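Shown next: my_file_17.pdb, given as PDB, C-alpha atoms.
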```pdb
ATOM      1  CA  MET T   1     132.665 140.608 107.941
ATOM      2  CA  ARG T   2     132.875 144.028 109.638
ATOM      3  CA  LYS T   3     132.198 143.949 113.355
ATOM      4  CA  SER T   4     130.272 146.442 115.498
ATOM      5  CA  THR T   5     132.082 148.739 117.893
ATOM      6  CA  GLY T   6     130.170 147.418 120.918
ATOM      7  CA  PHE T   7     133.314 145.905 122.352
ATOM      8  CA  PHE T   8     134.912 149.334 122.266
ATOM      9  CA  TYR T   9     132.331 150.777 124.641
ATOM     10  CA  LEU T  10     132.594 147.823 127.024
ATOM     11  CA  LEU T  11     136.349 148.352 127.037
ATOM     12  CA  ILE T  12     135.929 152.033 127.859
ATOM     13  CA  LEU T  13     133.519 151.286 130.706
ATOM     14  CA  ALA T  14     135.993 148.821 132.190
ATOM     15  CA  GLY T  15     138.778 151.394 131.947
ATOM     16  CA  THR T  16     136.643 154.070 133.584
ATOM     17  CA  LEU T  17     135.795 151.810 136.505
ATOM     18  CA  LEU T  18     139.445 150.833 136.830
ATOM     19  CA  CYS T  19     140.538 154.472 137.121
ATOM     20  CA  LYS T  20     137.981 155.314 139.811
ATOM     21  CA  GLY T  21     139.616 155.373 143.165
ATOM     22  CA  CYS T  22     143.062 156.301 141.823
ATOM     23  CA  GLY T  23     145.195 157.969 144.472
ATOM     24  CA  ASP T  24     145.707 161.683 145.040
ATOM     25  CA  SER T  25     149.407 161.659 144.164
ATOM     26  CA  PRO T  26     150.530 163.502 140.988
ATOM     27  CA  GLN T  27     149.706 161.314 137.999
ATOM     28  CA  VAL T  28     150.454 160.833 134.334
ATOM     29  CA  ILE T  29     147.527 159.046 132.657
ATOM     30  CA  VAL T  30     148.580 157.145 129.536
ATOM     31  CA  PHE T  31     146.217 155.558 127.015
ATOM     32  CA  HIS T  32     148.373 153.321 124.827
ATOM     33  CA  ALA T  33     148.360 150.631 122.170
ATOM     34  CA  GLY T  34     148.497 147.059 123.444
ATOM     35  CA  SER T  35     151.720 146.402 121.534
ATOM     36  CA  LEU T  36     153.397 149.094 123.665
ATOM     37  CA  SER T  37     152.540 147.360 126.947
ATOM     38  CA  ARG T  38     155.991 146.104 127.870
ATOM     39  CA  LEU T  39     157.740 149.226 126.610
ATOM     40  CA  MET T  40     155.355 151.432 128.603
ATOM     41  CA  SER T  41     155.791 149.297 131.692
ATOM     42  CA  ASP T  42     159.538 149.902 131.602
ATOM     43  CA  LEU T  43     159.054 153.615 130.877
ATOM     44  CA  LYS T  44     156.637 153.838 133.815
ATOM     45  CA  ALA T  45     159.172 152.239 136.162
ATOM     46  CA  GLY T  46     161.976 154.507 134.978
ATOM     47  CA  PHE T  47     159.892 157.684 135.121
ATOM     48  CA  GLU T  48     158.524 156.961 138.575
ATOM     49  CA  ALA T  49     162.034 156.235 139.850
ATOM     50  CA  ALA T  50     163.263 159.554 138.424
ATOM     51  CA  ASN T  51     160.227 161.462 139.750
ATOM     52  CA  PRO T  52     159.445 160.243 143.295
ATOM     53  CA  GLY T  53     155.815 160.659 144.248
ATOM     54  CA  VAL T  54     154.536 160.680 140.660
ATOM     55  CA  GLU T  55     152.335 157.785 139.565
ATOM     56  CA  VAL T  56     152.022 156.695 135.920
ATOM     57  CA  ILE T  57     148.629 155.143 135.159
ATOM     58  CA  LEU T  58     148.723 152.875 132.094
ATOM     59  CA  GLU T  59     145.622 151.812 130.171
ATOM     60  CA  ALA T  60     146.117 149.487 127.191
ATOM     61  CA  SER T  61     143.722 148.924 124.296
ATOM     62  CA  GLY T  62     143.700 148.955 120.530
ATOM     63  CA  SER T  63     145.031 152.237 119.129
ATOM     64  CA  ILE T  64     141.678 153.293 117.686
ATOM     65  CA  PRO T  65     139.776 152.900 120.985
ATOM     66  CA  ALA T  66     142.666 154.689 122.730
ATOM     67  CA  CYS T  67     141.936 157.815 120.685
ATOM     68  CA  ARG T  68     138.162 157.449 120.759
ATOM     69  CA  LYS T  69     138.184 157.440 124.550
ATOM     70  CA  THR T  70     139.057 161.116 124.231
ATOM     71  CA  SER T  71     137.416 162.132 120.945
ATOM     72  CA  GLU T  72     134.044 160.461 121.581
ATOM     73  CA  LEU T  73     133.759 159.699 125.294
ATOM     74  CA  HIS T  74     135.714 162.758 126.451
ATOM     75  CA  ARG T  75     137.865 160.842 128.883
ATOM     76  CA  GLN T  76     141.002 162.672 129.965
ATOM     77  CA  ALA T  77     144.502 161.390 129.308
ATOM     78  CA  ASP T  78     147.889 163.078 129.581
ATOM     79  CA  ILE T  79     149.505 160.961 126.865
ATOM     80  CA  ILE T  80     147.902 159.016 124.031
ATOM     81  CA  ALA T  81     150.398 156.670 122.382
ATOM     82  CA  VAL T  82     149.311 154.640 119.353
ATOM     83  CA  SER T  83     150.833 152.194 116.913
ATOM     84  CA  ASP T  84     149.945 154.294 113.848
ATOM     85  CA  SER T  85     150.415 158.054 113.585
ATOM     86  CA  GLN T  86     147.507 158.115 111.105
ATOM     87  CA  VAL T  87     145.067 157.269 113.902
ATOM     88  CA  ILE T  88     145.939 160.480 115.740
ATOM     89  CA  GLU T  89     145.626 162.393 112.472
ATOM     90  CA  ARG T  90     142.193 160.965 111.702
ATOM     91  CA  LEU T  91     140.636 160.985 115.181
ATOM     92  CA  LEU T  92     142.318 163.737 117.217
ATOM     93  CA  TYR T  93     143.765 166.342 114.844
ATOM     94  CA  PRO T  94     143.173 169.268 115.068
ATOM     95  CA  LYS T  95     140.261 169.516 117.525
ATOM     96  CA  PHE T  96     141.748 167.443 120.342
ATOM     97  CA  SER T  97     145.437 167.837 119.559
ATOM     98  CA  ASP T  98     147.296 169.728 116.847
ATOM     99  CA  TRP T  99     150.527 167.711 116.844
ATOM    100  CA  SER T 100     151.901 164.191 117.105
ATOM    101  CA  LEU T 101     155.402 162.843 117.485
ATOM    102  CA  VAL T 102     156.747 159.563 116.087
ATOM    103  CA  PHE T 103     158.817 157.785 118.727
ATOM    104  CA  ALA T 104     159.004 154.079 117.843
ATOM    105  CA  GLY T 105     158.807 151.674 114.916
ATOM    106  CA  ASN T 106     158.178 148.010 114.119
ATOM    107  CA  LYS T 107     157.622 145.554 111.292
ATOM    108  CA  MET T 108     155.005 142.925 110.515
ATOM    109  CA  GLY T 109     155.624 139.203 110.406
ATOM    110  CA  ILE T 110     154.192 135.833 111.411
ATOM    111  CA  ALA T 111     154.480 134.423 114.937
ATOM    112  CA  TYR T 112     154.063 130.752 115.808
ATOM    113  CA  GLY T 113     154.983 128.170 118.448
ATOM    114  CA  GLU T 114     156.419 124.703 118.887
ATOM    115  CA  HIS T 115     152.934 123.235 118.467
ATOM    116  CA  SER T 116     152.120 124.988 115.175
ATOM    117  CA  LYS T 117     151.279 122.739 112.240
ATOM    118  CA  TYR T 118     154.021 122.707 109.596
ATOM    119  CA  GLY T 119     156.236 124.806 111.859
ATOM    120  CA  GLU T 120     159.292 122.913 110.642
ATOM    121  CA  GLU T 121     158.458 123.765 107.025
ATOM    122  CA  ILE T 122     157.426 127.422 107.080
ATOM    123  CA  ASN T 123     159.878 130.082 105.961
ATOM    124  CA  SER T 124     160.039 133.503 104.296
ATOM    125  CA  ASP T 125     159.442 131.987 100.847
ATOM    126  CA  ASN T 126     156.561 129.534 101.408
ATOM    127  CA  TRP T 127     154.623 131.152 104.278
ATOM    128  CA  PHE T 128     151.538 131.973 102.178
ATOM    129  CA  GLU T 129     151.255 128.392 100.960
ATOM    130  CA  ILE T 130     151.470 127.035 104.532
ATOM    131  CA  LEU T 131     148.943 129.506 105.913
ATOM    132  CA  SER T 132     146.458 128.695 103.145
ATOM    133  CA  ARG T 133     146.190 125.039 104.190
ATOM    134  CA  LYS T 134     142.723 124.246 105.521
ATOM    135  CA  ASP T 135     143.967 122.536 108.697
ATOM    136  CA  VAL T 136     145.980 125.602 109.758
ATOM    137  CA  LYS T 137     144.377 127.942 112.311
ATOM    138  CA  LEU T 138     145.347 131.530 111.494
ATOM    139  CA  GLY T 139     144.648 134.589 113.651
ATOM    140  CA  ARG T 140     144.710 138.357 113.186
ATOM    141  CA  ALA T 141     143.706 141.565 114.959
ATOM    142  CA  ASP T 142     140.440 143.372 114.232
ATOM    143  CA  PRO T 143     141.188 146.032 111.578
ATOM    144  CA  ASP T 144     138.402 148.294 112.880
ATOM    145  CA  LEU T 145     139.998 148.486 116.323
ATOM    146  CA  ASP T 146     143.709 147.940 115.878
ATOM    147  CA  PRO T 147     146.258 149.043 113.252
ATOM    148  CA  CYS T 148     147.847 145.586 113.471
ATOM    149  CA  GLY T 149     144.590 144.318 111.952
ATOM    150  CA  TYR T 150     144.554 146.538 108.901
ATOM    151  CA  ARG T 151     148.323 146.208 108.536
ATOM    152  CA  THR T 152     147.784 142.461 108.279
ATOM    153  CA  LEU T 153     145.446 143.098 105.359
ATOM    154  CA  PHE T 154     148.055 145.418 103.829
ATOM    155  CA  CYS T 155     150.631 142.615 104.025
ATOM    156  CA  TRP T 156     148.268 140.255 102.224
ATOM    157  CA  LYS T 157     147.416 142.750  99.479
ATOM    158  CA  LEU T 158     151.042 143.723  98.933
ATOM    159  CA  SER T 159     151.932 140.030  98.737
ATOM    160  CA  ASP T 160     149.563 139.586  95.791
ATOM    161  CA  VAL T 161     151.673 142.088  93.873
ATOM    162  CA  PHE T 162     155.086 141.033  95.169
ATOM    163  CA  TYR T 163     154.554 137.310  94.450
ATOM    164  CA  GLN T 164     152.331 137.679  91.371
ATOM    165  CA  GLU T 165     154.664 135.682  89.107
ATOM    166  CA  LYS T 166     154.398 132.697  91.484
ATOM    167  CA  LEU T 167     150.647 132.866  92.009
ATOM    168  CA  ALA T 168     149.337 132.024  88.531
ATOM    169  CA  GLY T 169     146.368 134.322  88.958
ATOM    170  CA  LYS T 170     145.532 133.266  92.518
ATOM    171  CA  SER T 171     145.189 135.715  95.398
ATOM    172  CA  ILE T 172     147.056 135.384  98.690
ATOM    173  CA  ALA T 173     144.744 137.962 100.264
ATOM    174  CA  ALA T 174     141.593 136.059  99.311
ATOM    175  CA  SER T 175     143.017 132.725 100.387
ATOM    176  CA  LEU T 176     144.191 133.931 103.807
ATOM    177  CA  GLU T 177     141.002 135.851 104.510
ATOM    178  CA  ALA T 178     139.023 132.693 103.788
ATOM    179  CA  ASN T 179     141.275 130.755 106.161
ATOM    180  CA  CYS T 180     140.972 133.336 108.970
ATOM    181  CA  PRO T 181     137.281 133.559 109.983
ATOM    182  CA  PRO T 182     135.929 136.289 112.300
ATOM    183  CA  ALA T 183     136.170 133.842 115.216
ATOM    184  CA  ASN T 184     139.959 134.035 114.842
ATOM    185  CA  MET T 185     140.055 137.849 115.141
ATOM    186  CA  ARG T 186     140.696 139.678 118.404
ATOM    187  CA  PRO T 187     140.491 143.381 119.371
ATOM    188  CA  PHE T 188     144.244 143.739 119.777
ATOM    189  CA  GLU T 189     147.501 141.852 119.507
ATOM    190  CA  LEU T 190     148.127 140.557 123.030
ATOM    191  CA  GLU T 191     144.923 138.529 122.906
ATOM    192  CA  LEU T 192     146.307 136.782 119.833
ATOM    193  CA  VAL T 193     149.433 135.889 121.807
ATOM    194  CA  ALA T 194     147.256 134.251 124.467
ATOM    195  CA  LEU T 195     145.451 132.167 121.832
ATOM    196  CA  LEU T 196     148.761 131.138 120.287
ATOM    197  CA  GLN T 197     150.227 130.171 123.653
ATOM    198  CA  SER T 198     147.126 128.128 124.519
ATOM    199  CA  TYR T 199     147.391 126.251 121.186
ATOM    200  CA  ALA T 200     144.062 127.651 119.973
ATOM    201  CA  LEU T 201     145.863 129.103 116.943
ATOM    202  CA  ASP T 202     148.812 127.931 114.865
ATOM    203  CA  TYR T 203     149.947 131.271 113.454
ATOM    204  CA  VAL T 204     149.185 134.960 113.906
ATOM    205  CA  PHE T 205     150.142 138.042 111.914
ATOM    206  CA  ILE T 206     151.765 140.329 114.436
ATOM    207  CA  TYR T 207     154.535 142.817 115.120
ATOM    208  CA  GLU T 208     158.105 141.603 115.427
ATOM    209  CA  SER T 209     158.418 143.350 118.808
ATOM    210  CA  ILE T 210     155.649 141.238 120.334
ATOM    211  CA  ALA T 211     156.996 137.978 118.910
ATOM    212  CA  ARG T 212     160.475 138.714 120.320
ATOM    213  CA  GLN T 213     159.177 139.909 123.685
ATOM    214  CA  PHE T 214     157.169 136.702 124.182
ATOM    215  CA  ASN T 215     159.887 134.407 122.781
ATOM    216  CA  LEU T 216     157.706 133.224 119.923
ATOM    217  CA  LYS T 217     159.026 131.824 116.673
ATOM    218  CA  PHE T 218     158.893 134.416 113.931
ATOM    219  CA  VAL T 219     158.827 134.402 110.136
ATOM    220  CA  ASP T 220     160.511 137.484 108.699
ATOM    221  CA  LEU T 221     158.710 138.891 105.679
ATOM    222  CA  PRO T 222     160.437 140.711 102.797
ATOM    223  CA  ASP T 223     160.795 144.479 103.164
ATOM    224  CA  LYS T 224     158.303 144.943 100.314
ATOM    225  CA  ILE T 225     155.649 143.417 102.586
ATOM    226  CA  ASN T 226     156.600 143.982 106.234
ATOM    227  CA  LEU T 227     155.853 147.746 106.390
ATOM    228  CA  GLY T 228     159.122 148.242 108.215
ATOM    229  CA  THR T 229     161.271 150.485 106.034
ATOM    230  CA  THR T 230     161.205 153.956 104.514
ATOM    231  CA  THR T 231     162.725 152.701 101.258
ATOM    232  CA  GLU T 232     159.467 150.961 100.235
ATOM    233  CA  ALA T 233     157.150 153.871 101.060
ATOM    234  CA  ALA T 234     155.824 154.198  97.501
ATOM    235  CA  PHE T 235     154.982 150.490  97.299
ATOM    236  CA  TYR T 236     153.271 150.489 100.707
ATOM    237  CA  SER T 237     151.105 153.454  99.735
ATOM    238  CA  SER T 238     149.393 151.422  96.997
ATOM    239  CA  VAL T 239     147.042 149.827  99.572
ATOM    240  CA  ASP T 240     144.460 151.331 101.912
ATOM    241  CA  PHE T 241     141.602 150.392 104.249
ATOM    242  CA  GLN T 242     138.446 152.115 105.453
ATOM    243  CA  VAL T 243     138.119 151.781 109.216
ATOM    244  CA  ASN T 244     134.479 151.210 110.147
ATOM    245  CA  GLY T 245     133.539 153.357 113.111
ATOM    246  CA  GLY T 246     129.958 153.853 111.999
ATOM    247  CA  GLY T 247     128.583 156.783 110.003
ATOM    248  CA  GLU T 248     130.813 159.847 110.056
ATOM    249  CA  LYS T 249     133.312 158.006 112.235
ATOM    250  CA  GLU T 250     134.641 156.044 109.263
ATOM    251  CA  PHE T 251     138.064 157.030 107.983
ATOM    252  CA  THR T 252     140.638 155.749 105.526
ATOM    253  CA  VAL T 253     144.214 154.729 106.328
ATOM    254  CA  SER T 254     146.918 153.936 103.788
ATOM    255  CA  GLY T 255     149.933 151.674 103.727
ATOM    256  CA  GLN T 256     152.962 153.318 105.373
ATOM    257  CA  GLN T 257     156.081 152.419 107.269
ATOM    258  CA  ILE T 258     155.030 151.455 110.797
ATOM    259  CA  CYS T 259     155.397 154.535 112.976
ATOM    260  CA  TYR T 260     154.204 154.695 116.567
ATOM    261  CA  ALA T 261     153.283 158.195 117.713
ATOM    262  CA  PHE T 262     152.133 159.993 120.811
ATOM    263  CA  THR T 263     150.442 163.269 121.606
ATOM    264  CA  ILE T 264     149.351 165.298 124.617
ATOM    265  CA  PRO T 265     145.642 166.116 124.192
ATOM    266  CA  GLU T 266     144.383 169.665 124.754
ATOM    267  CA  SER T 267     142.316 168.287 127.658
ATOM    268  CA  ALA T 268     145.301 166.672 129.430
ATOM    269  CA  PRO T 269     144.757 167.098 133.202
ATOM    270  CA  HIS T 270     148.506 167.226 133.951
ATOM    271  CA  PRO T 271     150.131 168.841 130.875
ATOM    272  CA  GLN T 272     153.469 169.686 132.495
ATOM    273  CA  LEU T 273     153.945 166.154 133.814
ATOM    274  CA  ALA T 274     152.853 164.873 130.391
ATOM    275  CA  LEU T 275     155.634 166.935 128.782
ATOM    276  CA  LYS T 276     158.151 165.502 131.225
ATOM    277  CA  PHE T 277     156.986 161.982 130.405
ATOM    278  CA  GLY T 278     157.189 162.731 126.667
ATOM    279  CA  GLU T 279     160.766 163.992 127.095
ATOM    280  CA  PHE T 280     161.607 160.870 129.090
ATOM    281  CA  MET T 281     160.232 158.662 126.297
ATOM    282  CA  LEU T 282     162.382 160.370 123.675
ATOM    283  CA  LYS T 283     165.514 160.326 125.817
ATOM    284  CA  SER T 284     165.137 156.636 126.712
ATOM    285  CA  ARG T 285     166.169 155.273 123.307
ATOM    286  CA  GLU T 286     167.846 152.233 124.841
ATOM    287  CA  ILE T 287     164.470 151.089 126.176
ATOM    288  CA  SER T 288     162.972 151.154 122.676
ATOM    289  CA  ASP T 289     166.044 149.310 121.389
ATOM    290  CA  ASN T 290     165.493 146.541 123.924
ATOM    291  CA  PHE T 291     161.930 146.045 122.693
ATOM    292  CA  TYR T 292     162.685 145.975 118.944
ATOM    293  CA  GLN T 293     160.800 149.231 118.438
ATOM    294  CA  THR T 294     163.482 151.659 117.308
ATOM    295  CA  VAL T 295     162.795 154.428 114.805
ATOM    296  CA  GLU T 296     164.045 157.978 114.333
ATOM    297  CA  ALA T 297     161.831 160.560 116.037
ATOM    298  CA  ALA T 298     159.878 162.890 113.755
ATOM    299  CA  SER T 299     156.802 165.133 113.860
ATOM    300  CA  LEU T 300     153.981 165.555 111.358
ATOM    301  CA  HIS T 301     153.280 169.090 112.632
ATOM    302  CA  PRO T 302     156.617 170.396 113.964
ATOM    303  CA  GLU T 303     155.341 173.980 113.993
ATOM    304  CA  ASN T 304     152.871 173.028 116.745
ATOM    305  CA  LEU T 305     155.209 170.789 118.722
ATOM    306  CA  PRO T 306     155.964 171.939 122.286
ATOM    307  CA  ARG T 307     159.396 173.535 122.499
ATOM    308  CA  GLU T 308     160.555 170.996 125.089
ATOM    309  CA  LEU T 309     159.967 168.157 122.620
ATOM    310  CA  ARG T 310     161.043 169.977 119.454
ATOM    311  CA  LYS T 311     164.572 170.409 120.793
ATOM    312  CA  LEU T 312     164.908 166.607 121.123
ATOM    313  CA  LEU T 313     164.319 165.898 117.424
ATOM    314  CA  PRO T 314     167.338 164.904 115.287
TER     315      PRO T 314
END
```
For the file at hand, write its structure as structure tokens.
Amino acid sequence: MRKSTGFFYLLILAGTLLCKGCGDSPQVIVFHAGSLSRLMSDLKAGFEAANPGVEVILEASGSIPACRKTSELHRQADIIAVSDSQVIERLLYPKFSDWSLVFAGNKMGIAYGEHSKYGEEINSDNWFEILSRKDVKLGRADPDLDPCGYRTLFCWKLSDVFYQEKLAGKSIAASLEANCPPANMRPFELELVALLQSYALDYVFIYESIARQFNLKFVDLPDKINLGTTTEAAFYSSVDFQVNGGGEKEFTVSGQQICYAFTIPESAPHPQLALKFGEFMLKSREISDNFYQTVEAASLHPENLPRELRKLLP
């Protein structure tokens, strides 16, 4: 079942109210994916320490709402950082920004806890059989709001091909979708962590970085499925998903290696500070390493990239 985008607008209203009353000190306003929360918190602390008097304002959400705050509601941000570079391409390029820069990576897997049913049995070979059991409570992110949601569906579809000799005509994707009702979906990943920690769910499809950051148990998936490597790009590209934004706001994303990207919108209120923060992000590779989100920096539109950032590419 495809959900309405009503939650998106409630989220935006809450963010707008939160930002009212912000101080008069120089600011860098960052809209970012929920899965970047801990990474951004450390980057904020480091940047503010290196730039006394500057305040970094962080606002987390799903990646799709993060972009739509600017493209549809015309809210101003200095940095928009998302968990899928395709979201910037589909929602911001070229009207709101004509470049994006990949700065972090990840891979998909399955997180669970000490309480999870069959936790002592599950592994990288039998995970789909465990998660198909009717007494298992499985959670995932909303694919219309968060790339983690449609990447979960990509994992399931790719698994049907990868494990086809074992399946005897059955479908992993169909089985897991049936075992993960809409009530088990959440707008973005950190809400799934809360449900897992409160024992409301047994397992969630999620990024490795989040599982490691919250000390959750984690099932590694094969490279053919986890969307974490460049070597399987052709296989990943065999799946796609149409994000439902309503009417002309719908767009299609395809399976790719997980690449987080950021941009500085044309409407950024503090563009020079935004550039400084972007440089700081790229220079702080050890921070990304600590959060399991390392990837080589790259740009989809290098000809439009600001000179200060272009010189930092490999």
Stretch 205-213 of chain T environment, 7 Å, all atoms listed in the file, sequence neighbours closer than 3 positions dropped, as a list of chain:residue names =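 Surrounding residues, per the criterion: T:Ser35, T:Asn106, T:Lys107, T:Met108, T:Gly109, T:Ile110, T:Ala111, T:Gly139, T:Arg140, T:Cys148, T:Thr152, T:Glu189, T:Leu216, T:Lys217, T:Phe218, T:Phe291, T:Tyr292, T:Gln293.
Relative to atom CA of T:Leu158, atom CA of T:Ser237 is found at 9.8 Å.
This file, queried with the PyMOL selection byres ((chain T and resi 48-58) around 6), gives the residues Pro26, Gln27, Val28, Ile29, Val30, Lys44, Ala45, Gly46, Phe47 and Glu59 of chain T.
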Apply the PyMOL selection byres ((chain T and resi 88-95) around 7) to the file shown and report the selected residues as a PDB file with C-alpha atoms, keeping the file's coordinate frame.
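The new file result_14.pdb reads:
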```pdb
ATOM      1  CA  CYS T  67     141.936 157.815 120.685  1.00  0.00           C
ATOM      2  CA  SER T  71     137.416 162.132 120.945  1.00  0.00           C
ATOM      3  CA  SER T  85     150.415 158.054 113.585  1.00  0.00           C
ATOM      4  CA  GLN T  86     147.507 158.115 111.105  1.00  0.00           C
ATOM      5  CA  VAL T  87     145.067 157.269 113.902  1.00  0.00           C
ATOM      6  CA  PHE T  96     141.748 167.443 120.342  1.00  0.00           C
ATOM      7  CA  SER T  97     145.437 167.837 119.559  1.00  0.00           C
ATOM      8  CA  ASP T  98     147.296 169.728 116.847  1.00  0.00           C
ATOM      9  CA  PHE T 251     138.064 157.030 107.983  1.00  0.00           C
TER      10      PHE T 251
END
```
Reference answer for the PyMOL selection byres ((chain T and resi 271) around 12), as a VMD selection string = chain T and resid 26 to 30 76 to 79 263 to 270 272 to 278 306
ask   = Hey, what's within 8 Å of stretch 280-283 of chain T if we count all atoms listed in the file and toss same-chain stuff fewer than 6 positions away? As JSON, numbers by chain, please?
value = {"T": [43, 47, 103, 297, 312]}
Any chance you can output those residues with C-alpha atoms as a PDB file, in the frame of the given file?
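Saved to out.pdb:
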```pdb
ATOM      1  CA  LEU T  43     159.054 153.615 130.877  1.00  0.00           C
ATOM      2  CA  PHE T  47     159.892 157.684 135.121  1.00  0.00           C
ATOM      3  CA  PHE T 103     158.817 157.785 118.727  1.00  0.00           C
ATOM      4  CA  ALA T 297     161.831 160.560 116.037  1.00  0.00           C
ATOM      5  CA  LEU T 312     164.908 166.607 121.123  1.00  0.00           C
TER       6      LEU T 312
END
```
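With all atoms listed in the file as the atoms that count, the minimum distance from T:Leu221 to the choices T:Ile258, T:Ala178, T:Cys155, T:Ala183 is reached by T:Cys155.
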ask   = Which residue out of T:Ala81, T:Leu138, T:Leu153, T:Val219 has the minimum interatomic distance to T:Gly255 when only C-alpha atoms are used?
value =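 Among T:Ala81, T:Leu138, T:Leu153, T:Val219, it is T:Leu153 that comes nearest to T:Gly255.
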ask   = Residues at most 6 Å from T:His32, counting all atoms listed in the file, excluding those fewer than 5 positions away in the same chain, as a list of chain:residue names?
value =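 Counting all atoms listed in the file, the residues come to T:Ala60, T:Ile80, T:Ala81, T:Val82.
Picture a line from atom CA of T:Leu192 to atom CA of T:Tyr236; it runs 24.5 Å.
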ask   = With distances taken over all atoms listed in the file, which of T:Gly62, T:Gly169, T:Gly105, T:Gly149 is nearest to T:Glu296?
value =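 So, comparing all the options, the nearest one is T:Gly105.
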Which of T:Glu129, T:Val243, T:Ser124, T:Pro143 sits closest to T:Asn226 [using only C-alpha atoms] =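 With only C-alpha atoms as the atom set, the closest residue is T:Ser124.
With atom CA of T:Ala141 on one side and atom CA of T:Leu300 on the other, the separation reads 26.3 Å.
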request  = Fewer than 3 positions away in the same chain doesn't count, so skip those; otherwise give me all residues within 12 Å of T:Gln197, counting only C-alpha atoms, as number ranges by chain.
outcome  = T: 111-116, 190-194, 200-204, 211, 214-217
Atoms kept (C-alpha atoms) for selection, written as a compact mmCIF listing (two decimals), keeping the file's coordinate frame:
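Final output, saved to out-v1.txt:
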```txt
# COMPACT_ATOMS: atom_id res chain seq x y z
CA ALA T 111 154.48 134.42 114.94
CA TYR T 112 154.06 130.75 115.81
CA GLY T 113 154.98 128.17 118.45
CA GLU T 114 156.42 124.70 118.89
CA HIS T 115 152.93 123.24 118.47
CA SER T 116 152.12 124.99 115.18
CA LEU T 190 148.13 140.56 123.03
CA GLU T 191 144.92 138.53 122.91
CA LEU T 192 146.31 136.78 119.83
CA VAL T 193 149.43 135.89 121.81
CA ALA T 194 147.26 134.25 124.47
CA ALA T 200 144.06 127.65 119.97
CA LEU T 201 145.86 129.10 116.94
CA ASP T 202 148.81 127.93 114.86
CA TYR T 203 149.95 131.27 113.45
CA VAL T 204 149.18 134.96 113.91
CA ALA T 211 157.00 137.98 118.91
CA PHE T 214 157.17 136.70 124.18
CA ASN T 215 159.89 134.41 122.78
CA LEU T 216 157.71 133.22 119.92
CA LYS T 217 159.03 131.82 116.67
```
Test item: axis-aligned box, all listed atoms of stretch 76-92 of chain T, 3 Å on each side, centre and edges in Å rounded to one decimal, as lines of an AutoDock Vina configuration file:
```
center_x = 145.7
center_y = 158.0
center_z = 120.5
size_x = 16.2
size_y = 17.5
size_z = 24.9
```
task = Just the residues within 8 Å of T:Asn244, please, counting all atoms listed in the file, with nothing from its chain fewer than 3 positions along; format it as a PyMOL selection string.
result = chain T and resi 2+144+249-251
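Of the residues listed (T:Gly245, T:Val136, T:Val102, T:Val161), T:Val102 shows the shortest atom-to-atom separation from T:Pro314; distances use only C-alpha atoms.
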query = Once you count only C-alpha atoms, which residues end up no further than 12 Å from (153.0, 154.9, 96.8) in the file's frame, shown as a PyMOL selection string?
reply = chain T and resi 158+224+230-240+254-257
